[in-house]
Amino acid sequence: MNRMLRFGVRATASVIMMSAHAFAAEPVPAPKPLAGQTVTGKATASPLPKPKPGQTPDADNSPAKKSASCDLSGVDFESIPPVRGEFSGDAGCGIESPVRLTGIRRESSTVVLKGSVTVSCQFAKTLSQWLQDDVLPVAEKHFDGGIKSIATGPGYQCRRRNNQPDGKLSEHALGKAVDISGFSMHEGASVSVETDWGKDTPQGRFLKDIHESACARFTTVLSPEGDEFHKSHLHVDIGCHGKSCTYLICQ
Ligand SMILES: [Zn+2]
């Protein structure tokens, strides 16, 4: 999609963008369950419980069958059994086909994802392609040797948007989002979203470049420019905004 069209969509969606902005905003990642929340699957795997009344049972909950379908290229990952968390009173969080990402490979180098990232297979494809095709090459333009490791949040977190006690689930709760707080480069430089955002330095220009490329791949990109909740990280997700899922948020 070209830039003009994307901006056109954004302009049309301005009202929705404002409300979605509030939905998508959340503070620094902190894998903390909400009060009253039963978490049977945190960032790691857990058995899928029996469906409750009102929930749609899966046709096949076999972890082997589900996890076998994730086809990721140039990614160090493992498929893990479905994860499920829930809030009391409503159907909740979970990922049917989760993967745990630990590294991204490009040519002969591997970039380590510190702490690993648990996300849906679907999100993993978008994330890994962005990192491989956009972020890693851009890093090599700004820093000799490119990226050594990336600091992220856990990806999956069973919580609501904006960490509010009620309201819709965060995209993190569906394995469709991740927060990125910084990068370590092979040459020794480091990039901190909190410290370097907006600066006219290699770090600042690198962050600006990858923010722009993220907006071409994800439906939501929130930076320190977005709001006070994102001063320390970039949030990217593939959530659906609007009835037709065509609205984009790039802040
Ligand atoms: Zn986030």
# chains A, B, ... in the order shown; residues from 1 in each chain; ligands from 1

$ residues_near_ligand --ligand "ligand 1" --cutoff "6 Å" --atoms "only C-alpha atoms and all ligand atoms" --output "count of residues only"
3

$ closest_residue --among "A:Ile249, A:Ala124, A:Ala177, A:Met185" --to "A:Val112" --atoms "only C-alpha atoms"
A:Met185

$ residues_around --residues "A:Arg160" --least-positions-apart "3" --cutoff "8 Å" --atoms "only C-alpha atoms" --output "PyMOL selection string"
chain A and resi 163-170+173

$ residues_around --residues "A:Glu107" --least-positions-apart "6" --cutoff "12 Å" --atoms "only C-alpha atoms" --output "short mmCIF file (atom, residue, chain, number, x, y, z; two decimals) with all heavy atoms, in the first residue's frame"
data_model
loop_
_atom_site.label_atom_id
_atom_site.label_comp_id
_atom_site.auth_asym_id
_atom_site.auth_seq_id
_atom_site.Cartn_x
_atom_site.Cartn_y
_atom_site.Cartn_z
N SER A 73 10.33 -18.99 8.34
CA SER A 73 11.61 -19.13 7.67
C SER A 73 12.66 -18.24 8.34
O SER A 73 12.40 -17.06 8.61
CB SER A 73 11.45 -18.74 6.19
OG SER A 73 12.69 -18.71 5.56
N GLY A 74 13.82 -18.80 8.62
CA GLY A 74 14.90 -18.01 9.20
C GLY A 74 14.60 -17.56 10.62
O GLY A 74 15.03 -16.49 11.03
N VAL A 75 13.87 -18.39 11.35
CA VAL A 75 13.49 -18.03 12.71
C VAL A 75 13.87 -19.17 13.65
O VAL A 75 13.60 -20.33 13.34
CB VAL A 75 11.97 -17.76 12.82
CG1 VAL A 75 11.60 -17.37 14.25
CG2 VAL A 75 11.55 -16.68 11.84
N GLN A 132 13.47 -9.31 9.69
CA GLN A 132 14.44 -9.79 8.70
C GLN A 132 14.60 -8.82 7.53
O GLN A 132 15.72 -8.55 7.09
CB GLN A 132 13.99 -11.15 8.16
CG GLN A 132 14.13 -12.28 9.16
CD GLN A 132 13.38 -13.53 8.73
OE1 GLN A 132 12.36 -13.46 8.05
NE2 GLN A 132 13.88 -14.68 9.15
N ASP A 133 13.50 -8.33 7.02
CA ASP A 133 13.54 -7.56 5.77
C ASP A 133 13.72 -6.07 5.98
O ASP A 133 14.19 -5.36 5.09
CB ASP A 133 12.26 -7.81 4.97
CG ASP A 133 12.12 -9.26 4.55
OD1 ASP A 133 13.13 -9.98 4.60
OD2 ASP A 133 11.00 -9.68 4.20
N LEU A 136 16.68 -5.46 10.41
CA LEU A 136 18.09 -5.87 10.38
C LEU A 136 18.89 -5.13 9.30
O LEU A 136 19.99 -4.64 9.59
CB LEU A 136 18.20 -7.39 10.20
CG LEU A 136 18.21 -8.21 11.51
CD1 LEU A 136 16.96 -7.99 12.34
CD2 LEU A 136 18.35 -9.69 11.19
N PRO A 137 18.37 -5.02 8.08
CA PRO A 137 19.13 -4.26 7.07
C PRO A 137 19.29 -2.79 7.43
O PRO A 137 20.36 -2.21 7.19
CB PRO A 137 18.26 -4.42 5.80
CG PRO A 137 17.46 -5.65 6.02
CD PRO A 137 17.21 -5.71 7.49
#

$ closest_residue --among "A:Gly145, A:Gly226, A:Gly155, A:Gly204" --to "A:Pro98" --atoms "only C-alpha atoms"
A:Gly155

$ closest_residue --among "A:Tyr156, A:Phe123, A:Trp130, A:Phe206" --to "A:Arg84" --atoms "only C-alpha atoms"
A:Tyr156

$ residues_around --residues "A:His186" --least-positions-apart "2" --cutoff "7 Å" --atoms "only C-alpha atoms" --output "VMD selection string"
chain A and resid 145 to 148 184 188

$ select_by_dssp --residues "stretch 65-143 of chain A" --states "strand (DSSP E)" --output "JSON, numbers by chain"
{"A": [75, 76, 77, 78, 79, 83, 84, 85, 86, 87, 94, 95, 98, 99, 100, 101, 102, 103, 104, 105, 106, 109, 110, 111, 112, 113, 114, 115, 116, 117, 118, 119, 120]}

$ decode --residues "stretch 139-175 of chain A" --atoms "C-alpha atoms" --output "short mmCIF file (atom, residue, chain, number, x, y, z; two decimals), in the first residue's frame"
data_model
loop_
_atom_site.label_atom_id
_atom_site.label_comp_id
_atom_site.auth_asym_id
_atom_site.auth_seq_id
_atom_site.Cartn_x
_atom_site.Cartn_y
_atom_site.Cartn_z
CA ALA A 139 20.46 -1.49 11.48
CA GLU A 140 23.39 -2.42 9.27
CA LYS A 141 23.12 0.98 7.57
CA HIS A 142 23.44 2.80 10.88
CA PHE A 143 25.75 0.47 12.82
CA ASP A 144 28.64 -1.68 11.69
CA GLY A 145 27.81 -5.32 12.15
CA GLY A 146 24.15 -4.74 12.82
CA ILE A 147 22.02 -6.06 15.62
CA LYS A 148 23.23 -8.56 18.20
CA SER A 149 20.11 -8.78 20.35
CA ILE A 150 16.68 -7.25 20.79
CA ALA A 151 15.04 -6.49 24.13
CA THR A 152 11.33 -7.18 24.11
CA GLY A 153 8.42 -7.81 26.38
CA PRO A 154 7.06 -11.36 26.59
CA GLY A 155 4.56 -10.93 23.75
CA TYR A 156 1.65 -12.88 25.21
CA GLN A 157 0.15 -11.33 28.30
CA CYS A 158 -3.31 -12.14 29.60
CA ARG A 159 -4.64 -8.69 30.34
CA ARG A 160 -7.01 -6.06 29.10
CA ARG A 161 -6.17 -3.07 26.96
CA ASN A 162 -4.51 -0.24 28.78
CA ASN A 163 -4.32 -2.49 31.86
CA GLN A 164 -7.81 -1.39 32.79
CA PRO A 165 -9.97 -3.52 35.11
CA ASP A 166 -12.59 -3.91 32.40
CA GLY A 167 -12.91 -3.41 28.68
CA LYS A 168 -11.57 -5.31 25.73
CA LEU A 169 -8.64 -7.62 25.77
CA SER A 170 -5.24 -6.32 24.77
CA GLU A 171 -3.84 -7.73 21.55
CA HIS A 172 -1.12 -9.09 23.80
CA ALA A 173 -3.76 -11.38 25.29
CA LEU A 174 -4.27 -12.95 21.87
CA GLY A 175 -0.60 -13.30 21.01
#
